[in-house]
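Peer 1: Below: one structure in structure tokens.
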Amino acid sequence: MRVLVVGGGGREHALVLGLTGDSAVEAVVAAPGNPGIAAVAECRAIDAVDPGAVAGLAVETGADLVVIGPEAPLVAGVADAVRAKGIAVFGPSGAAAQLEGSKAFAKEIMTAAGVPTARAYTCTDADEVARALDEFGPPYVVKDDGLAAGKGVVVTEDRTHALEHAAQCNRVVVEEYLAGPEVSLFVVTDGEAALPLLPAQDFKRVGDGDTGPNTGGMGAYAPLPWAAPDLVEDVMARVVEPTLAEMRRRGTPFSGLLYVGLAITASGPKVIEFNARFGDPETQVVLALLETPLAGLLHAAATGTLAAHPPLTWRGGAGVAVVVASAGYPESARTGDVITGAERSGIIHAGTARREEDGALVSAGGRVLCGTAIGPDLEVARDAAYALVEGIGLADSHYRRDIALAAIEGRVTPPRR
Ligand code: AMP
Ligand code: GLY
């Protein structure tokens with residue numbers, strides 16, 4: 001099988017590593033890829049959100065399967081353009097990707113499907129926003145309706161800050177605050193059949209102890225020692241199956257990766273968000289633990305044959321990923337700083353580039369790279385991930401020191417039902 005991977009972040013680096021580890025794969029091309037990916041696959045420069053360009057490259061490279069990593073190409077209809085060439089695609093249509101592309105649309109689907117989620121109002125002016133804020137009370141949750149690279153959501157006790165954020169967005173969703181630990185559950189689906197991956201936990205805030213602004217994600221671990229044994233089964237039955245059924249009913253079946261972001265509240269799991277693709281950095285740990293050949297799994301989802309796929313198998317133990325971010329992230333991101341220590345197994349590249357003059361590895365984004373390790377338990381995996389990160393040289397970079405720590409210390413406790 002020849003595979004084209006679209007994207008060039010940490011998630012795509014993890015996907016490429018998984019795909020090249022599948023003996024059914026002859027070749028992987030990544031577009032645009034990054035310097036970490038370039039060490040194991042051919043990279044091709046491309047505008048990943050241009051449907052015609054991606055479809056053309058899929059034909060040119062003789063791809064049997066195209067895997068689309070990020071949300072922007074999906075929302076732009078890249079999967080539709082590739083499918084129109086008769087090539088199997090892992091990733092939803094533009095219409096189905098609206099589950100991530102519009103928070104208001106996602107709420108509409110959840111309401112129609114009876115999926116447990118935060119109560120919410122979609123607001124178009126300041127009066128509506130103020131009324132919704134006052135109905136729910138603090139902490140206030142204000143979400144930009146459209147794609148915002150993980151930065152469109154503000155959760156704050158400060159009503160003025162909530163109003164200011166709303167004023168910067170076109171259409172906003174104001175919703176009830178959900179208290180409880182968060183879970184990222186990835187589900188591979190062909191629109192009908194669905195296979196859940198291991199639940200993971202992401203760290204959204206920039207600072208230790210969940211302080212500071214939201215980011216794209218500063219670290220992750222899996223599996224979740226504190227989760228109820230029936231969590232995945234429960235979420236499949238109450239969230240995933242009804243959502244997939246509602247999407248089919250509307251004539252826009254969702255195939256690819258349904259990312260269910262949940263809060264485990266006192267009244268059970270509730271959806272915080274849907275994404276239409278793998279999460280970053282959770283993918284790094286989840287795929288490191290997956291034993292099932294990745295290309296075969298994604299190909300089955302892309303070709304509507306997932307019901308015939310064997311059950312997934314996992315390496316025992318646990319995985320941890322710790323993200324190294326550039327100076328100023330998430331407010332701004334300084335780029336162009338030289339990176340040392342990145343050529344080690346377990347270092348996953350995200351925002352890195354080669355400097356034109358001399359080929360030196362430099363930072364090129366907010367989340368620069370992450371250290372990913374697996375081990376027999378969370379503690380061992382965590383120590384190994386931090387050892388990787390501590391060996392990175394990048395001026396003024398920062399990372400969280402508490403990834404997976406509360407889980408190891410038994411301090412993650414879902415509220416009692
Ligand atoms: P989202 O992009 O919708 O996942 O939001 C980003 C982050 O904001 C989430 O991972 C949560 O940490 C937080 N968040 C979003 N919605 C809520 C909510 N209703 N209650 C509590 N926290 C939330
Ligand atoms: N880790 C969160 C996301 O990928 O959206």
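A note on labels: chains of the structure tokens are A, B, ... as shown, every chain counts residues from 1, and ligands are counted from 1 in their shown order.
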Please give the complete set of residues from stretch 272-369 of chain A that DSSP, run on the backbone, assigns to strand (DSSP E), formatted as a list in words.
Peer 2: Ile272, Glu273, Phe274, Asn275, Ala318, Gly319, Val320, Ala321, Val322, Val323, Val324, Ala325, Ile347, Ile348, His349, Thr352, Ala353, Arg354, Leu361, Val362, Ser363, Arg367, Val368 and Leu369 of chain A
Peer 1: Would you return as a PyMOL selection string the members of stretch 151-321 of chain A that DSSP assigns to alpha helix (DSSP H) on this structure's backbone?
Peer 2: chain A and resi 159-168+231-235+241-249+282-289+294-302
Peer 1: Could you check how far atom CA of A:Gly216 sits from atom CA of A:Leu290, in Å to one decimal?
Peer 2: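 Separation between atom CA of A:Gly216 and atom CA of A:Leu290: 22.9 Å.
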Peer 1: Residues within 10 Å of ligand 1 should be enumerated using only C-alpha atoms and all ligand atoms and returned as a PyMOL selection string.
Peer 2: chain A and resi 100+103+117-120+139-145+147-156+173-184+201-205+210+213-217+260-263+265+270-275
Peer 1: Might you pull out every residue within 7 Å of stretch 64-77 of chain A, with only C-alpha atoms counted and same-chain residues fewer than 3 positions away left off, and present them as a VMD selection string?
Peer 2: chain A and resid 1 to 7 11 to 12 48 to 49 51 80 to 81 87 to 94 97 to 98 101 276 to 278 299
Peer 1: Check which residues of stretch 228-258 of chain A sit at most 9 Å from stretch 193-198 of chain A using only C-alpha atoms, and return one row each with the closest pair of atoms and their distance in Å to one decimal, ordered by chain and rising number, as a tab-separated table.
Peer 2:
```
residue	atom	partner	partner_atom	distance
A:Val232	CA	A:Pro196	CA	7.4
A:Glu233	CA	A:Pro196	CA	8.9
A:Met236	CA	A:Pro196	CA	7.8
A:Val240	CA	A:Ala194	CA	8.1
A:Glu241	CA	A:Ala194	CA	8.1
A:Leu244	CA	A:Ala194	CA	8.9
```
Peer 1: Tell me, as an NGL selection string, which residues lie within 6 Å of stretch 319-328 of chain A, counting only C-alpha atoms; anything in the same chain fewer than 2 positions away does not count.
Peer 2: :A and (218-222 or 285 or 331-334 or 366-374 or 381-382 or 396-399)
Peer 1: Would you mind exporting N, CA and C atoms of the selected residues as a CSV table (one decimal), in the first residue's frame?
Peer 2:
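The file below, result_4.csv, is the result:
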```csv
chain,number,residue,atom,x,y,z
A,218,MET,N,-0.6,20.5,25.7
A,218,MET,CA,0.8,20.6,26.2
A,218,MET,C,1.3,19.2,26.6
A,219,GLY,N,0.5,18.2,26.5
A,219,GLY,CA,1.0,16.9,26.9
A,219,GLY,C,-0.2,15.9,26.9
A,220,ALA,N,0.1,14.7,27.1
A,220,ALA,CA,-0.9,13.6,27.1
A,220,ALA,C,-0.4,12.4,27.7
A,221,TYR,N,-1.4,11.6,28.2
A,221,TYR,CA,-1.0,10.2,28.6
A,221,TYR,C,-2.2,9.3,28.4
A,222,ALA,N,-1.9,8.0,28.3
A,222,ALA,CA,-2.9,7.0,28.1
A,222,ALA,C,-2.3,5.7,28.6
A,285,VAL,N,0.7,9.3,22.0
A,285,VAL,CA,0.8,8.3,22.9
A,285,VAL,C,-0.2,7.1,22.5
A,331,GLU,N,0.4,33.0,23.4
A,331,GLU,CA,0.0,34.3,22.9
A,331,GLU,C,0.6,34.6,21.6
A,332,SER,N,1.9,34.3,21.5
A,332,SER,CA,2.7,34.5,20.3
A,332,SER,C,3.7,33.3,20.2
A,333,ALA,N,4.4,33.2,19.2
A,333,ALA,CA,5.4,32.1,19.2
A,333,ALA,C,6.6,32.6,18.5
A,334,ARG,N,7.7,32.7,19.2
A,334,ARG,CA,9.0,33.1,18.6
A,334,ARG,C,9.5,31.9,17.7
A,366,GLY,N,4.5,27.2,17.4
A,366,GLY,CA,4.3,27.4,18.9
A,366,GLY,C,4.6,26.1,19.6
A,367,ARG,N,4.0,25.0,19.2
A,367,ARG,CA,4.4,23.7,19.8
A,367,ARG,C,5.5,23.1,18.9
A,368,VAL,N,6.7,23.0,19.4
A,368,VAL,CA,7.8,22.7,18.6
A,368,VAL,C,8.0,21.2,18.4
A,369,LEU,N,8.1,20.5,19.5
A,369,LEU,CA,8.2,19.1,19.4
A,369,LEU,C,7.7,18.5,20.7
A,370,CYS,N,7.6,17.1,20.7
A,370,CYS,CA,7.3,16.5,22.0
A,370,CYS,C,8.1,15.3,22.2
A,371,GLY,N,8.3,15.0,23.5
A,371,GLY,CA,9.0,13.7,23.9
A,371,GLY,C,7.9,12.7,24.2
A,372,THR,N,7.9,11.6,23.5
A,372,THR,CA,6.9,10.6,23.7
A,372,THR,C,7.6,9.3,24.1
A,373,ALA,N,7.1,8.6,25.1
A,373,ALA,CA,7.7,7.4,25.6
A,373,ALA,C,6.6,6.4,26.1
A,374,ILE,N,6.8,5.2,25.9
A,374,ILE,CA,5.9,4.2,26.5
A,374,ILE,C,6.7,3.4,27.6
A,381,ALA,N,6.9,5.5,32.0
A,381,ALA,CA,6.8,6.2,30.7
A,381,ALA,C,7.0,7.7,30.9
A,382,ARG,N,6.5,8.2,32.0
A,382,ARG,CA,6.6,9.6,32.3
A,382,ARG,C,8.1,10.0,32.5
A,396,ASP,N,14.7,29.7,25.6
A,396,ASP,CA,13.5,30.3,26.2
A,396,ASP,C,12.2,29.4,26.0
A,397,SER,N,12.4,28.1,25.6
A,397,SER,CA,11.3,27.3,25.5
A,397,SER,C,10.7,26.9,26.8
A,398,HIS,N,9.5,26.3,26.8
A,398,HIS,CA,8.9,25.9,28.1
A,398,HIS,C,8.1,24.7,27.9
A,399,TYR,N,7.9,23.9,29.0
A,399,TYR,CA,7.0,22.8,29.0
A,399,TYR,C,6.4,22.6,30.4
```
Peer 1: Distance atom CA of A:Gly256-atom CA of A:Ala55, one decimal place?
Peer 2: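 Atom CA of A:Ala55 lies at a distance of 17.3 Å from atom CA of A:Gly256.
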